[in-house]
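Only one structure is covered here, and it is reproduced in the block below.
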Amino acid sequence: MDALSERLLGEIVKIPLIDPHTHIDPHRPAARDLDDLLGYHYYTELAHSAGMDPTPLRSDVPAEERVRAIARFLPALENTWQYSWLLEIARDFFGFQGERIDETNVDQVLRLAEQRLGAESWAGEVFYRSNLEKVFLTNDFDDPLEGFDTDRYVPCLRTDDLVFRLGTAAVLERLRQATRCDVGNAGSLRGALEALFQRFVEKGARACAVSLPPDFAPQPVSVPAADPLIRRLLSGSRLAAHEELTVSCFVFWQVAELCREHGLPFDLMIGVHRNVYPGGVHQGRDLFNRLTSLHQFRALFNAFPEVTFPVSVLASDSNQELVAYSWIFPNVVPLGHWWYSNVPAYIEADARARLQAVPRTKQIGYYSDAYKLEFVLPKFNMYRQALARILAQDFVAGRRWSEEKAVDLARDVLRRNVERVFFQGQRVAQA
Amino acid sequence: MDALSERLLGEIVKIPLIDPHTHIDPHRPAARDLDDLLGYHYYTELAHSAGMDPTPLRSDVPAEERVRAIARFLPALENTWQYSWLLEIARDFFGFQGERIDETNVDQVLRLAEQRLGAESWAGEVFYRSNLEKVFLTNDFDDPLEGFDTDRYVPCLRTDDLVFRLGTAAVLERLRQATRCDVGNAGSLRGALEALFQRFVEKGARACAVSLPPDFAPQPVSVPAADPLIRRLLSGSRLAAHEELTVSCFVFWQVAELCREHGLPFDLMIGVHRNVYPGGVHQGRDLFNRLTSLHQFRALFNAFPEVTFPVSVLASDSNQELVAYSWIFPNVVPLGHWWYSNVPAYIEADARARLQAVPRTKQIGYYSDAYKLEFVLPKFNMYRQALARILAQDFVAGRRWSEEKAVDLARDVLRRNVERVFFQGQRVAQA
Amino acid sequence: MDALSERLLGEIVKIPLIDPHTHIDPHRPAARDLDDLLGYHYYTELAHSAGMDPTPLRSDVPAEERVRAIARFLPALENTWQYSWLLEIARDFFGFQGERIDETNVDQVLRLAEQRLGAESWAGEVFYRSNLEKVFLTNDFDDPLEGFDTDRYVPCLRTDDLVFRLGTAAVLERLRQATRCDVGNAGSLRGALEALFQRFVEKGARACAVSLPPDFAPQPVSVPAADPLIRRLLSGSRLAAHEELTVSCFVFWQVAELCREHGLPFDLMIGVHRNVYPGGVHQGRDLFNRLTSLHQFRALFNAFPEVTFPVSVLASDSNQELVAYSWIFPNVVPLGHWWYSNVPAYIEADARARLQAVPRTKQIGYYSDAYKLEFVLPKFNMYRQALARILAQDFVAGRRWSEEKAVDLARDVLRRNVERVFFQGQRVAQA
């Protein structure tokens, strides 16, 4: 990294973070041990892809045995950026001095991790050392949202189960339990959804979210059209595929309406096919089909001008559409770099285009998507390095901006826009 | 920008320009005031996207009020390259000294603009200072093409209305007026089209052009198949969607035949969906669907080996197809960087691939697409900077070309190929 | 190229090569004359695209006349990387001193080539000077595989004819001749395929390969479903398009099963449409449709966990799927940079993403696809330069890897993984 990028990075890392999308468990935000960190699907799926027998991943295998099994394959992954997050955690959080983690030294990392992760204050220390103020959660609709500080751990209503799996008995039962509504038709379903939203908003939720398959094209569905299908579905009948899709569109549209009524942004995470590789490891089975377009969402974006849609696309080649739709639609906002696009090769290309053509006040640079707090820092560092390079090349060198002005642009995409989009109307301590 | 790129750029800017595609009005080629410049859809749509209420954009609002309303949102856009064109105009053409334009100083820019734009000789001065010799126009088929110098303002027949909106009463009436033909069936339609082409060619037109939706796949349609549909359409009946498409294909194919007969290149601008966001500002409603392929045009490219097709693609991820189809088909020529692909992130990637794999004699580097002359210079500068970086990195540093040789390649893509493609057989003063 | 990249490149070129995919004829591996080199479709198709009349390409035209006709158009191509391979051959193999090849000096190149290419030892010398140990062939299913050293020229069973052209009389006749089976139904077809595989494996074949159109989505087809179609096809009847596709799927799936039984990797080259431009020069008629997805191959990848699928994609915007599918599926391996993606603009972007996110032990960096041995070196050099730049920027500068470690990563992608994938279980002299 050149000196200018380094200087910019030095200022950028001082911007306190709000991480607008994670899968952190507020009851256990940090890792308990190295097994928790190596259990992140990136390591298990890449090790499996590199040839690891998945047997040691079974929960009845002792943690240390599992850790060593994965460690044996880490050298095969050490070129990947995903591996570099782990090494960065080991070195910066645990004081590991080695250049690589493999089966010869994983026991040492295990012990170093134990020393740190055991401390009562560890989660707080990770927040502090990561310059992190808040993280957004991903909450099931029936999450009681109790027993944690919702100011630090901001609830977000995840609606995949409602939109796509309402017909499964377990989801329906959970919905009835969570809302104490006897959900049986379109009207009572709407009532139950309303109850969920009220509870989430009362508990401080600042967003609603859903992940969508690449062929999903939301359309409004009238109650008369949806009601008979919903009755059949909720009474346990199987619907045909096109009928299921009608129900999904109906629920999705209801959710968008409730976002409007409750002033919640609706995060759309577009493009994932679930369970493409059923033989894969846990959370390592989903992939995508790049043949998708934001044009499929034009009815939605037009119908809800009052709802902000932070949009993540799984395929990097969707990024130009995201840029263009954000540049034209006031209510579309580019949101971070998701999953298979979350490596520097794609981050840098995609962020560059956004910074060149989307208003600075309406793009959210990054979220960690982390399951454990320790990953927030190395993942944001990966993004911030890419950001520093872009600012150095395009803005300071290319357009003769001052370094202060460039860092202020970073402040928009890393901090202020998270506040603008998710805390609009609510006071957040200024960075 | 490194010293080598700067040196190359210094030579490249000396190449006199012919701008092969603009929307300039030859009767009023330059802006009258700052309102004309800020009225460019890039500013109104980006400001609207950043939150501006569109009310001040109404034509009954005083110009200065509108200018101030937009200026209030310019700070939200100052990261965009579109904004940088405006700042460059203010500084280089108007003598503005500030580092940014916002509501605090827009009145000053307004007055500076007034001083320059009022001068009788202004358009000529912009030509001179832009090192610009000719601009291509985008003329409606019923444009009388009179009252301007067609050597400097080169007519180009735009055929969107004919291909896609022939069934609207207004278009039909305009066609009858323009051609004095009583258009009523396939035969008389062909006669009317022939009359249009004759008039345009007599007036010095050097190109025909059309913009196409991403799902358009031109096919030949026989007169017997088209005739009954055209009769119904021209008598005011509504056609089914597939019938409309048949008529569009028929007219499109007729246009291609007339290009062949009259020796006109046929510019294809592929990929735009019109009115995707009906609530957007004027000219800020169109978007695209990236799911399109040049494979849809194989019948056309095969059927018309004598017609040159300069092709612009709206989605940057279509660029590789454009490279490949241009490398294989003698009659396909890459044409500039269009609209949502007209920012450095996409220009540089797309131009690099073209320069690496398409013969140097058959690629047209850039056109401004400008509505006002003042934008030609900053837009070409954006392209030329990208070009200089590519030539420096790939050709001089990477392949040890001399700087002279690299600049000569720039001369092909910026100047000579415009002459080769559009003025073939006609003498153009050599650069 | 900066000093660090140069240093890395200096080490990378020392890694002895196995070229895992070529079209070299083992009976005539090197060019006989300059005509053989200029006859490479890249030159004939680019020259044709730049305006060359294809008449001199006819085989009844004297070679020197053809060479001069192409040379006249070389200046129009000198920007292309394809041209740079030729110049590199002329300079490094033939001792040509000029800066460019054109009609004024092509006779000199012709004579220089003659001096070298005539030597008995020439092919061996090209191997030696290219640091090349083995090349993979592309063998028709009825190739006798005799009369050459199969250790140096490794056979590979190309199955396009079987999968897609089984219904043509010539292919059927060749199949009957090659296998001495009276192929007439699904069962005897399977027997014939089995015979082909046995012969190829006995002769040292290390791979099976097929090129596929972008809309191909392999599915298992049962024998009862396929048998009547195959009987009709093999008895000379014409099938409907969907029936032909069923037969193609059946044969394809049989081939995959035979790869499993014989331990052969199955190279998939995805995305080519044949004969898109029938008026093009020989081998210059094929193009692609970028609308394709690896999602179409999920059934295959799931059904054959024991078969390794080295995958080449023709469209660079498929590369992210290739990265993701290789990162998830143990049996999917990215393979080189194919045809229209084989220029540095795409190689560098695509290789960067692979190096960042696919395990280092399962990606094959490059193959030359060459028809003549002389092209192996300049094509690999193009790749190795891109690789050196990526290693310098991302790994040494970006992640503070030692230079030795970076070069070792190059050794994986250039050499060790070719051994892992294609010679698993078989001893290959270590680099």
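By order in the structure tokens, chains are A, B, ...; within a chain, residues start at 1; ligands start at 1, following the order shown.
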
> Within 10 Å of chain A, which residues of chain B show up when using only C-alpha atoms, listed as a PyMOL selection string?
Replying inline: chain B and resi 1-2+42+44-52+73-84+99+273+276-281+284-291+315-317+339-346+349+385

>> Show me, as a ChimeraX atom specification, the residues that have an atom within 10 Å of Val251 of chain C when counting only C-alpha atoms, minus same-chain residues fewer than 3 positions from it.
In response: /C:159,162-164,166,186,189-190,193,218,220-221,226,230,245-248,254-257

Selection above as a file: C-alpha atoms, as an mmCIF file, in the first residue's frame:
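Generated output (part.cif):
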data_model
loop_
_atom_site.group_PDB
_atom_site.id
_atom_site.type_symbol
_atom_site.label_atom_id
_atom_site.label_comp_id
_atom_site.auth_asym_id
_atom_site.auth_seq_id
_atom_site.Cartn_x
_atom_site.Cartn_y
_atom_site.Cartn_z
ATOM 1 C CA THR C 159 -16.489 -35.836 -26.573
ATOM 2 C CA LEU C 162 -20.554 -37.906 -29.190
ATOM 3 C CA VAL C 163 -22.638 -35.607 -27.026
ATOM 4 C CA PHE C 164 -23.948 -33.257 -29.696
ATOM 5 C CA LEU C 166 -24.248 -38.482 -32.638
ATOM 6 C CA ALA C 186 -28.822 -47.163 -25.590
ATOM 7 C CA LEU C 189 -24.055 -47.098 -27.262
ATOM 8 C CA ARG C 190 -22.990 -47.458 -23.662
ATOM 9 C CA LEU C 193 -18.482 -45.477 -25.043
ATOM 10 C CA PRO C 218 -27.190 -31.484 -17.933
ATOM 11 C CA PRO C 220 -29.806 -37.534 -15.837
ATOM 12 C CA VAL C 221 -31.875 -39.394 -18.419
ATOM 13 C CA ALA C 226 -33.380 -42.442 -23.937
ATOM 14 C CA ILE C 230 -31.418 -43.282 -29.621
ATOM 15 C CA LEU C 245 -31.345 -32.471 -26.222
ATOM 16 C CA THR C 246 -32.530 -35.533 -24.302
ATOM 17 C CA VAL C 247 -30.063 -37.672 -26.211
ATOM 18 C CA SER C 248 -27.277 -35.149 -25.562
ATOM 19 C CA GLN C 254 -22.912 -41.591 -19.563
ATOM 20 C CA VAL C 255 -19.609 -39.871 -20.232
ATOM 21 C CA ALA C 256 -19.585 -38.483 -16.683
ATOM 22 C CA GLU C 257 -20.239 -41.978 -15.332
#

> DSSP on the backbone: what in segment 45-266 of chain B comes out alpha helix (DSSP H), as a ChimeraX atom specification?
Replying inline: /B:45-49,63-71,74-77,81-88,106-117,122-129,160-164,169-179,186-202,223-234,241-262

> What does the distance between atom CA of Arg420 of chain B and atom CA of Val307 of chain B come to in Å, to one decimal place?
Replying inline: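 One can read the atom CA of Arg420 of chain B to atom CA of Val307 of chain B distance as 13.1 Å.
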
>> Taking the DSSP secondary structure from the backbone, can you list the residues of segment 24-248 of chain A that are strand (DSSP E or B), as a list in words?
In response: Leu132, Glu133, Lys134, Val135, Phe136, Asn139, Tyr153, Val154, Cys156, Leu157, Arg158, Ala207, Cys208, Ala209, Val210, Ser211 and Leu212 of chain A

>> Using only C-alpha atoms, which protein or nucleic acid residues come within 9 Å of Val223 of chain B? Drop anything in the same chain fewer than 4 positions from it, and give the result as a PyMOL selection string.
In response: chain B and resi 186-187+227-228+250

> Can you tell me, as a list in words, what residues are no more than 12 Å from Ser188 of chain C when counting only C-alpha atoms, ignoring any on the same chain fewer than 6 positions away?
Replying inline: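 Once the adjacent positions are removed, what remains is Leu175, Arg176, Thr179, Arg180, Cys181, Asp182, Glu194, Ala195, Val223, Asp227, Ile230, Arg231 and Leu234 of chain C.
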
> Please, what distance in Å, to one decimal, runs between atom CA of Leu38 of chain B and atom CA of Asp107 of chain B?
Replying inline: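 Separation between atom CA of Leu38 of chain B and atom CA of Asp107 of chain B: 13.0 Å.
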
>> as a ChimeraX atom specification, please: the residues near Arg206 of chain C (cut-off 9 Å, only C-alpha atoms, same-chain neighbours under 2 positions excluded).
In response: /C:136,154-157,200-201,204,208,263-265,422-423

Expected file contents, prior selection, all heavy atoms, as a tab-separated table (two decimals), in the first residue's frame:
chain	number	residue	atom	x	y	z
C	136	PHE	N	-1.11	-31.46	-22.99
C	136	PHE	CA	-2.30	-32.28	-23.18
C	136	PHE	C	-2.83	-32.05	-24.59
C	136	PHE	O	-2.80	-30.94	-25.10
C	136	PHE	CB	-3.39	-31.89	-22.16
C	136	PHE	CG	-3.21	-32.53	-20.81
C	136	PHE	CD1	-2.04	-32.36	-20.11
C	136	PHE	CD2	-4.23	-33.28	-20.25
C	136	PHE	CE1	-1.86	-32.94	-18.85
C	136	PHE	CE2	-4.07	-33.87	-19.01
C	136	PHE	CZ	-2.89	-33.70	-18.30
C	154	VAL	N	0.03	-35.86	-23.83
C	154	VAL	CA	-0.92	-36.61	-23.00
C	154	VAL	C	-2.30	-36.61	-23.67
C	154	VAL	O	-2.89	-35.55	-23.89
C	154	VAL	CB	-1.03	-35.98	-21.60
C	154	VAL	CG1	-1.96	-36.80	-20.72
C	154	VAL	CG2	0.34	-35.83	-20.97
C	155	PRO	N	-2.83	-37.79	-23.99
C	155	PRO	CA	-4.13	-37.83	-24.66
C	155	PRO	C	-5.27	-37.33	-23.76
C	155	PRO	O	-5.23	-37.50	-22.53
C	155	PRO	CB	-4.30	-39.33	-24.98
C	155	PRO	CG	-2.94	-39.90	-24.99
C	155	PRO	CD	-2.20	-39.13	-23.93
C	156	CYS	N	-6.25	-36.75	-24.40
C	156	CYS	CA	-7.45	-36.28	-23.73
C	156	CYS	C	-8.63	-36.56	-24.65
C	156	CYS	O	-8.61	-36.16	-25.82
C	156	CYS	CB	-7.34	-34.79	-23.43
C	156	CYS	SG	-8.90	-34.00	-22.99
C	157	LEU	N	-9.62	-37.23	-24.16
C	157	LEU	CA	-10.77	-37.64	-24.97
C	157	LEU	C	-11.77	-36.50	-25.12
C	157	LEU	O	-12.41	-36.10	-24.15
C	157	LEU	CB	-11.46	-38.85	-24.32
C	157	LEU	CG	-12.79	-39.31	-24.93
C	157	LEU	CD1	-12.64	-39.66	-26.40
C	157	LEU	CD2	-13.33	-40.49	-24.14
C	200	PHE	N	-8.69	-45.21	-24.49
C	200	PHE	CA	-8.02	-43.95	-24.13
C	200	PHE	C	-7.21	-44.11	-22.84
C	200	PHE	O	-6.07	-43.64	-22.75
C	200	PHE	CB	-9.03	-42.81	-24.01
C	200	PHE	CG	-9.18	-42.04	-25.29
C	200	PHE	CD1	-9.91	-42.55	-26.36
C	200	PHE	CD2	-8.55	-40.80	-25.45
C	200	PHE	CE1	-10.01	-41.85	-27.56
C	200	PHE	CE2	-8.64	-40.09	-26.64
C	200	PHE	CZ	-9.38	-40.61	-27.69
C	201	VAL	N	-7.80	-44.74	-21.84
C	201	VAL	CA	-7.07	-44.89	-20.58
C	201	VAL	C	-5.85	-45.78	-20.76
C	201	VAL	O	-4.76	-45.48	-20.24
C	201	VAL	CB	-8.03	-45.42	-19.48
C	201	VAL	CG1	-7.25	-45.83	-18.24
C	201	VAL	CG2	-9.06	-44.34	-19.14
C	204	GLY	N	-3.02	-43.90	-22.00
C	204	GLY	CA	-2.45	-42.85	-21.14
C	204	GLY	C	-3.27	-41.58	-21.07
C	204	GLY	O	-2.77	-40.54	-20.60
C	208	CYS	N	-10.94	-36.21	-19.90
C	208	CYS	CA	-12.01	-36.21	-20.87
C	208	CYS	C	-12.46	-34.75	-20.94
C	208	CYS	O	-12.33	-34.00	-19.97
C	208	CYS	CB	-13.11	-37.12	-20.34
C	208	CYS	SG	-14.59	-37.18	-21.34
C	263	GLY	N	-11.67	-42.89	-13.42
C	263	GLY	CA	-10.82	-41.96	-12.69
C	263	GLY	C	-10.31	-40.81	-13.53
C	263	GLY	O	-9.21	-40.29	-13.30
C	264	LEU	N	-11.09	-40.38	-14.52
C	264	LEU	CA	-10.66	-39.26	-15.36
C	264	LEU	C	-11.36	-37.97	-14.95
C	264	LEU	O	-12.58	-37.96	-14.76
C	264	LEU	CB	-11.00	-39.53	-16.83
C	264	LEU	CG	-10.18	-40.54	-17.60
C	264	LEU	CD1	-10.53	-40.46	-19.09
C	264	LEU	CD2	-8.68	-40.28	-17.41
C	265	PRO	N	-10.62	-36.88	-14.82
C	265	PRO	CA	-11.28	-35.57	-14.69
C	265	PRO	C	-12.05	-35.26	-15.98
C	265	PRO	O	-11.67	-35.71	-17.06
C	265	PRO	CB	-10.11	-34.59	-14.52
C	265	PRO	CG	-8.94	-35.43	-14.15
C	265	PRO	CD	-9.16	-36.76	-14.79
C	422	PHE	N	-4.77	-34.03	-12.54
C	422	PHE	CA	-4.73	-34.94	-13.69
C	422	PHE	C	-3.85	-36.17	-13.49
C	422	PHE	O	-3.97	-37.14	-14.23
C	422	PHE	CB	-4.28	-34.18	-14.95
C	422	PHE	CG	-5.23	-33.11	-15.38
C	422	PHE	CD1	-4.92	-31.77	-15.18
C	422	PHE	CD2	-6.44	-33.43	-15.97
C	422	PHE	CE1	-5.80	-30.77	-15.57
C	422	PHE	CE2	-7.32	-32.44	-16.36
C	422	PHE	CZ	-7.01	-31.10	-16.16
C	423	PHE	N	-2.91	-36.10	-12.54
C	423	PHE	CA	-2.00	-37.24	-12.36
C	423	PHE	C	-2.09	-37.84	-10.97
C	423	PHE	O	-1.18	-38.53	-10.53
C	423	PHE	CB	-0.56	-36.81	-12.67
C	423	PHE	CG	-0.36	-36.36	-14.08
C	423	PHE	CD1	-0.46	-35.02	-14.42
C	423	PHE	CD2	-0.09	-37.29	-15.08
C	423	PHE	CE1	-0.28	-34.59	-15.73
C	423	PHE	CE2	0.11	-36.87	-16.40
C	423	PHE	CZ	0.01	-35.53	-16.72

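As for atom CA of Val413 of chain B and atom CA of Asp19 of chain B, they are spaced 11.7 Å apart.
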
>> Just want the 8 Å neighbourhood of Ile18 of chain A, counted on only C-alpha atoms, with same-chain residues fewer than 2 positions away dropped. Output as a ChimeraX atom specification.
In response: /A:16,20,132-136,414-415,418
